[in-house]
Every structure is written in C-alpha cells, then in structure tokens.
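Novice: Starting off with a structure, shown below.
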Amino acid sequence: MNRILITGALGQIGSELTTKLRGIYGVDNVIATDIRNPEEETDGPFEVLDVSDGNKMYELAKRHKVDTLIHMAALLSATAEAKPVFAWNLNMGGLMNALETARELSCQFFTPSSIGAFGPTTPKDNTPQDTIQRPTTMYGVNKVAGELLADYYFQKFGVDTRGVRFPGLISFVTPPGGGTTDYAVEIYYEAVKNGSYTSYIDKGTYMDMMYMPDALNAIVDLMEADPSRLKHRNAFNVTAMSFSPEEIADEIKKHIPSFEMNYQVDPIRQSIADSWPNSIDATAAKEEWGFKAEYDLAKMTADMIEKLSLKYKTIQK
C-alpha cells in the first residue's frame, strides 16, 4: 500500500483507520472520503463521496493516483433491518462501484465482512472458517453476497481482494452507530457517565468481540501479507473474545463497584444476536497471515474505562 483511498472514513472503523494509516504511510497518502464533510477540520486530504456514485469514486481514485481502495461505507445490522431496501442499494451498489474502481485502476482492495454473514443454522460454537452461511437479516445477506463478489473479482479479474469477518468492535473514540453488538460499546460509555446501563441484549447471549486496536492491526497485517500465503483471501474469521452482557458488567464492576446493569430486551436486535455464533475459529487467519489479538476482556475493560474517564473529564472542563 502506497496511496490509499478510504470510503466511509467518518464511520466507527473508518475514522480510526484513517488516523492509523496516515501514521504509517504518510498523511498525504491516505485520502479519506465520506458522504458528508467532517464536523471538525482534519489533517490530510478529504473528499465528499456518495459511494452510490461510481463515476465520482473512479474519478477520485484516478485523480489521487491510489493503488489501494479500502471500502468501509455500509449500513450496519440494526439500521439495515429497519431499512432493508435502502441497505441493499447502499451496501451492494457501493461495493460494486468500489470493486469496479479497483478493477479498472488495478488497485489492491479491502472490504470487511462480519459475523452477521452467519445464520441460525451455522455451528454456534467455534464456528469454522468454511461453513454454512444462511443469514436471516438483510445485513447478513449483504455480507455473504459481498464475500462472494470479492472472491469473484479476484478469480475473474485478478483484483487483489482481501477481507475479514469482524466481530463486534469496541472503541472509546467513536460512539456506537447502529450495530447489534453496539451494546458492548454503549455499556462503557454509560458506566463512566452515569454508573448504570440498560441492555437491549439479554443475559446469556454470547457474541464475539474485538477491541478496535486489534481490528486496525488486522487490516494492516492482512493488506501487507504475502499474497502467496492467502488461501482464502476474503472473509477471514477474526476474533479476540466472546462474552455475555452480564460478564462485561462483572468486569466493569471491578473498576466501578457501584455500576448497575438492567435489561430491557429489544426483540429485533435480540433475534439478530441469537442468529449469530457464540464464538468463532480464527485458525485460518492465524496460519495464513499471522493474525493475533492483544486484548482480552479484562485488558480491554481497563483501557476503555481509563480512556473514557479521561475523555469525559476533558469534556467537562
């Protein structure tokens, strides 16, 4: 990667990925794009881009002479379920435009998939890399189709496509944005601000999670990996931990003993969570490009509470 264009650069992953990549490859070599302008001035080039406009995406990538396209723009699971037609048009139309741009300009290409690509008939525990995928959500359908499209563009056109299946991602930088796993982000924010949280996901519901620093490292490591080692190329299972709402609450109480956890289950998001795996097997990612997560639940919780406490203390000043 030398010159990189990122779509969805103001999103949960995109905002932090832009900063990380600029630190590695140079500020001027990472072109951030999103459908809206940033609220605050940012370092480095930024362009407004609606990913449904394929001509503009191509023009921007060509003008900036990029050799890598990282496509992050997408509607997340709970939001996509509320607006399924809009989600299909945005998620799949945007992906096709990005893949076509990568094909025409011979760009290396990355787009993330998700544990949402699995469904209720997928093995729930230690879910294999290669297994049945019959999701029951529009988001999941989009992700499965996206995995297949990325494989197709590699096999048919030789586009250097790569991707991972992200679990729920947790960050102290960007607020949650409409994902089913976002309760695991919200709980930290509310614990620090208010000392309590009402979970829309029920007790005993396990989902895979990952701390954002590990997710960002996974993208860079995969994109820099020797292509000859990549048997799967796209949709690698990656994970760091799997926990239930009560387990994350117990870990928070080690730092904030007065923290209170309540439950008001959202049937839609609960049904989505129930259709996903409890834990997944990341062996292929470890063997093919050396994936390794540094953070477990305890280490992540300590860091989240420390960083959010400093963040809100600064805001209050």
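Simple scheme: letters A, B, ... for chains in structure tokens order, numbers from 1 for residues in each chain, numbers from 1 for ligands in the order shown.
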Using only C-alpha atoms, determine which residues lie at most 12 Å from A:Gly94, disregarding the query and same-chain residues fewer than 2 positions distant; provide the list as a ChimeraX atom specification.
Specialist: /A:7-8,34-35,49-58,70-75,86-92,96-101,111,142,146
Novice: Quick one: write out the picked residues with N, CA and C atoms as a compact mmCIF listing (two decimals), in the first residue's frame?
Specialist:
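File produced: part.txt:
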# COMPACT_ATOMS: atom_id res chain seq x y z
N THR A 7 -13.32 4.72 1.78
CA THR A 7 -14.71 5.16 1.81
C THR A 7 -15.24 4.98 3.23
N GLY A 8 -16.28 5.74 3.57
CA GLY A 8 -16.84 5.63 4.92
C GLY A 8 -15.83 6.01 5.98
N ASP A 34 -16.19 10.46 2.57
CA ASP A 34 -17.45 10.09 3.21
C ASP A 34 -18.55 10.89 2.53
N ILE A 35 -19.80 10.55 2.85
CA ILE A 35 -20.93 11.20 2.20
C ILE A 35 -21.15 12.62 2.72
N LEU A 49 -17.88 11.96 -0.89
CA LEU A 49 -18.20 10.90 -1.86
C LEU A 49 -19.39 10.09 -1.40
N ASP A 50 -20.41 10.05 -2.24
CA ASP A 50 -21.53 9.12 -2.08
C ASP A 50 -21.14 7.86 -2.84
N VAL A 51 -21.00 6.73 -2.15
CA VAL A 51 -20.48 5.53 -2.80
C VAL A 51 -21.43 4.97 -3.86
N SER A 52 -22.65 5.47 -3.89
CA SER A 52 -23.56 5.05 -4.95
C SER A 52 -23.23 5.73 -6.29
N ASP A 53 -22.34 6.70 -6.26
CA ASP A 53 -21.89 7.40 -7.46
C ASP A 53 -20.57 6.77 -7.93
N GLY A 54 -20.67 5.76 -8.76
CA GLY A 54 -19.49 5.03 -9.21
C GLY A 54 -18.54 5.87 -10.04
N ASN A 55 -19.09 6.78 -10.86
CA ASN A 55 -18.24 7.63 -11.70
C ASN A 55 -17.36 8.53 -10.85
N LYS A 56 -17.94 9.12 -9.80
CA LYS A 56 -17.14 10.00 -8.95
C LYS A 56 -16.10 9.21 -8.18
N MET A 57 -16.46 8.00 -7.71
CA MET A 57 -15.49 7.18 -6.99
C MET A 57 -14.28 6.89 -7.89
N TYR A 58 -14.56 6.51 -9.12
CA TYR A 58 -13.48 6.23 -10.07
C TYR A 58 -12.64 7.48 -10.32
N ILE A 70 -9.87 0.96 0.19
CA ILE A 70 -10.43 0.32 1.39
C ILE A 70 -11.87 0.79 1.52
N HIS A 71 -12.79 -0.14 1.30
CA HIS A 71 -14.21 0.21 1.22
C HIS A 71 -14.90 -0.11 2.55
N MET A 72 -15.17 0.94 3.35
CA MET A 72 -15.77 0.76 4.67
C MET A 72 -17.22 1.23 4.72
N ALA A 73 -17.69 1.96 3.72
CA ALA A 73 -19.04 2.55 3.76
C ALA A 73 -20.10 1.46 3.71
N ALA A 74 -20.98 1.44 4.71
CA ALA A 74 -22.06 0.45 4.76
C ALA A 74 -23.06 0.83 5.84
N LEU A 75 -24.28 0.33 5.68
CA LEU A 75 -25.31 0.46 6.71
C LEU A 75 -25.19 -0.74 7.63
N PHE A 86 -33.13 0.13 1.24
CA PHE A 86 -32.07 1.13 1.24
C PHE A 86 -30.73 0.48 1.55
N ALA A 87 -30.73 -0.48 2.49
CA ALA A 87 -29.49 -1.17 2.86
C ALA A 87 -28.93 -1.94 1.67
N TRP A 88 -29.80 -2.66 0.95
CA TRP A 88 -29.32 -3.41 -0.22
C TRP A 88 -28.72 -2.47 -1.26
N ASN A 89 -29.43 -1.40 -1.56
CA ASN A 89 -28.95 -0.47 -2.59
C ASN A 89 -27.63 0.18 -2.21
N LEU A 90 -27.52 0.59 -0.94
CA LEU A 90 -26.29 1.24 -0.49
C LEU A 90 -25.15 0.24 -0.35
N ASN A 91 -25.39 -0.84 0.37
CA ASN A 91 -24.31 -1.79 0.66
C ASN A 91 -23.82 -2.51 -0.59
N MET A 92 -24.74 -2.99 -1.41
CA MET A 92 -24.32 -3.75 -2.58
C MET A 92 -23.95 -2.84 -3.75
N MET A 96 -20.18 -2.77 -5.38
CA MET A 96 -19.94 -2.99 -6.81
C MET A 96 -19.15 -1.84 -7.41
N ASN A 97 -19.50 -0.61 -7.03
CA ASN A 97 -18.76 0.55 -7.55
C ASN A 97 -17.30 0.51 -7.09
N ALA A 98 -17.09 0.12 -5.85
CA ALA A 98 -15.72 0.06 -5.32
C ALA A 98 -14.92 -1.04 -6.01
N LEU A 99 -15.52 -2.20 -6.21
CA LEU A 99 -14.83 -3.29 -6.89
C LEU A 99 -14.52 -2.93 -8.34
N GLU A 100 -15.46 -2.27 -9.01
CA GLU A 100 -15.22 -1.86 -10.39
C GLU A 100 -14.09 -0.84 -10.47
N THR A 101 -14.07 0.09 -9.52
CA THR A 101 -12.98 1.07 -9.49
C THR A 101 -11.64 0.37 -9.28
N THR A 111 -12.43 -4.93 1.91
CA THR A 111 -13.74 -4.58 2.47
C THR A 111 -14.04 -5.58 3.59
N ASN A 142 -26.33 -9.14 2.69
CA ASN A 142 -25.37 -8.24 2.04
C ASN A 142 -23.94 -8.74 2.22
N GLY A 146 -21.37 -9.96 -0.51
CA GLY A 146 -20.11 -9.22 -0.63
C GLY A 146 -18.90 -10.13 -0.62
Novice: Can you write out as a tab-separated table which residues of stretch 89-122 of chain A fall within 8 Å of stretch 276-294 of chain A, alongside each residue's closest atom pair and its distance in Å to one decimal, counting only C-alpha atoms and ordering rows by chain and ascending residue number?
Specialist:
residue	atom	partner	partner_atom	distance
A:Ile115	CA	A:Trp276	CA	6.6
A:Gly116	CA	A:Trp276	CA	6.3
A:Phe118	CA	A:Trp276	CA	5.9
A:Gly119	CA	A:Trp276	CA	5.6
A:Pro120	CA	A:Trp276	CA	6.4
A:Thr122	CA	A:Pro277	CA	7.2
Novice: Out of A:Glu190, A:Asp303, A:Glu224, A:Asp274, which residue has the shortest atom-to-atom distance to A:Glu260 when counting only C-alpha atoms?
Specialist: A:Glu190
Novice: Would you please work out which residue, of A:Gly168, A:Gly140, A:Gly163, A:Pro245, is nearest to A:Ile187 when using only C-alpha atoms?
Specialist: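 That would be A:Pro245, the residue with the smallest distance to A:Ile187.
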Novice: Rank nothing, just name the residue among A:Thr205, A:Gln264, A:Asn126, A:Asn234 nearest to A:Leu149, using only C-alpha atoms.
Specialist: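 Closest to A:Leu149, using only C-alpha atoms: A:Asn234.
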Novice: Using only C-alpha atoms, which residue out of A:Tyr206, A:Tyr211, A:Tyr200, A:Tyr189 lies closest to A:Thr239?
Specialist: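 Checking each of A:Tyr206, A:Tyr211, A:Tyr200, A:Tyr189 against A:Thr239, counting only C-alpha atoms, the winner is A:Tyr211.
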Novice: Mind pulling up the distance from atom CA of A:Lys253 to atom CA of A:Thr198?
Specialist: 14.9 Å
Novice: Rounded to one decimal place, report the atom CA of A:Ser242-atom CA of A:Met207 distance in Å.
Specialist: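 Separation of atom CA of A:Ser242 and atom CA of A:Met207: 5.4 Å.
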Novice: Rounded to one decimal in Å, what is the spacing between atom CA of A:Gly11 and atom CA of A:Phe109?
Specialist: 18.3 Å
Novice: Write out as a ChimeraX atom specification all residues of stretch 120-237 of chain A that DSSP puts in helix (DSSP H, G or I) for this structure's backbone.
Specialist: /A:138-157,180-193,212-223,227-229
Novice: Fewer than 3 positions away in the same chain doesn't count, so skip those; otherwise give me all residues within 6 Å of A:Arg165, counting only C-alpha atoms, as a VMD selection string.
Specialist: chain A and resid 113 to 115 235 to 237
Novice: Residues within 12 Å of A:Ala82, please, as a list in words. Count only C-alpha atoms; anything in the same chain fewer than 4 positions from it doesn't count.
Specialist: Leu75, Leu76, Ser77, Ala78, Phe86, Ala87, Trp88, Thr137, Met138, Tyr139, Gly178, Gly179, Ile268 and Arg269 of chain A
Novice: Can you spit out the residues from that selection as a PDB file, in the first residue's frame, using C-alpha atoms?
Specialist:
ATOM      1  CA  LEU A  75     -25.305   0.463   6.709  1.00  0.00           C
ATOM      2  CA  LEU A  76     -24.976  -1.596   9.907  1.00  0.00           C
ATOM      3  CA  SER A  77     -27.114  -4.510  11.077  1.00  0.00           C
ATOM      4  CA  ALA A  78     -29.930  -3.000  13.148  1.00  0.00           C
ATOM      5  CA  PHE A  86     -32.072   1.133   1.245  1.00  0.00           C
ATOM      6  CA  ALA A  87     -29.488  -1.173   2.857  1.00  0.00           C
ATOM      7  CA  TRP A  88     -29.323  -3.408  -0.224  1.00  0.00           C
ATOM      8  CA  THR A 137     -31.051 -10.444   8.137  1.00  0.00           C
ATOM      9  CA  MET A 138     -30.601  -8.051   5.226  1.00  0.00           C
ATOM     10  CA  TYR A 139     -27.210  -7.069   6.652  1.00  0.00           C
ATOM     11  CA  GLY A 178     -26.453   1.154  14.840  1.00  0.00           C
ATOM     12  CA  GLY A 179     -24.919  -2.300  15.146  1.00  0.00           C
ATOM     13  CA  ILE A 268     -35.306  -7.186  16.827  1.00  0.00           C
ATOM     14  CA  ARG A 269     -31.699  -6.852  17.946  1.00  0.00           C
TER      15      ARG A 269
END
Novice: If we count only C-alpha atoms and set the cut-off at 9 Å, which residues sit around A:Asn217, ignoring sequence neighbours fewer than 3 positions away in its own chain? Please answer as number ranges by chain.
Specialist: A: 20, 212-214, 220-222, 291-293
Novice: Could you pull out the strand (DSSP E) residues of stretch 23-270 of chain A from DSSP and send them as a ChimeraX atom specification?
Specialist: /A:30-34,46-48,68-71,108-110,113-114,161-162,164-166,168-170,196-199,207-211,236-237,241-243,260-263
Novice: Given the choices A:Val238, A:Ile4, A:Ile252, A:Met300, which gets closest to A:Ile170 if the distance is worked out from only C-alpha atoms?
Specialist: A:Met300
Novice: Could you tell me which of A:Arg103, A:Lys124, A:His64, A:Lys299 comes closest to A:Thr33 if we count only C-alpha atoms?
Specialist: A:His64
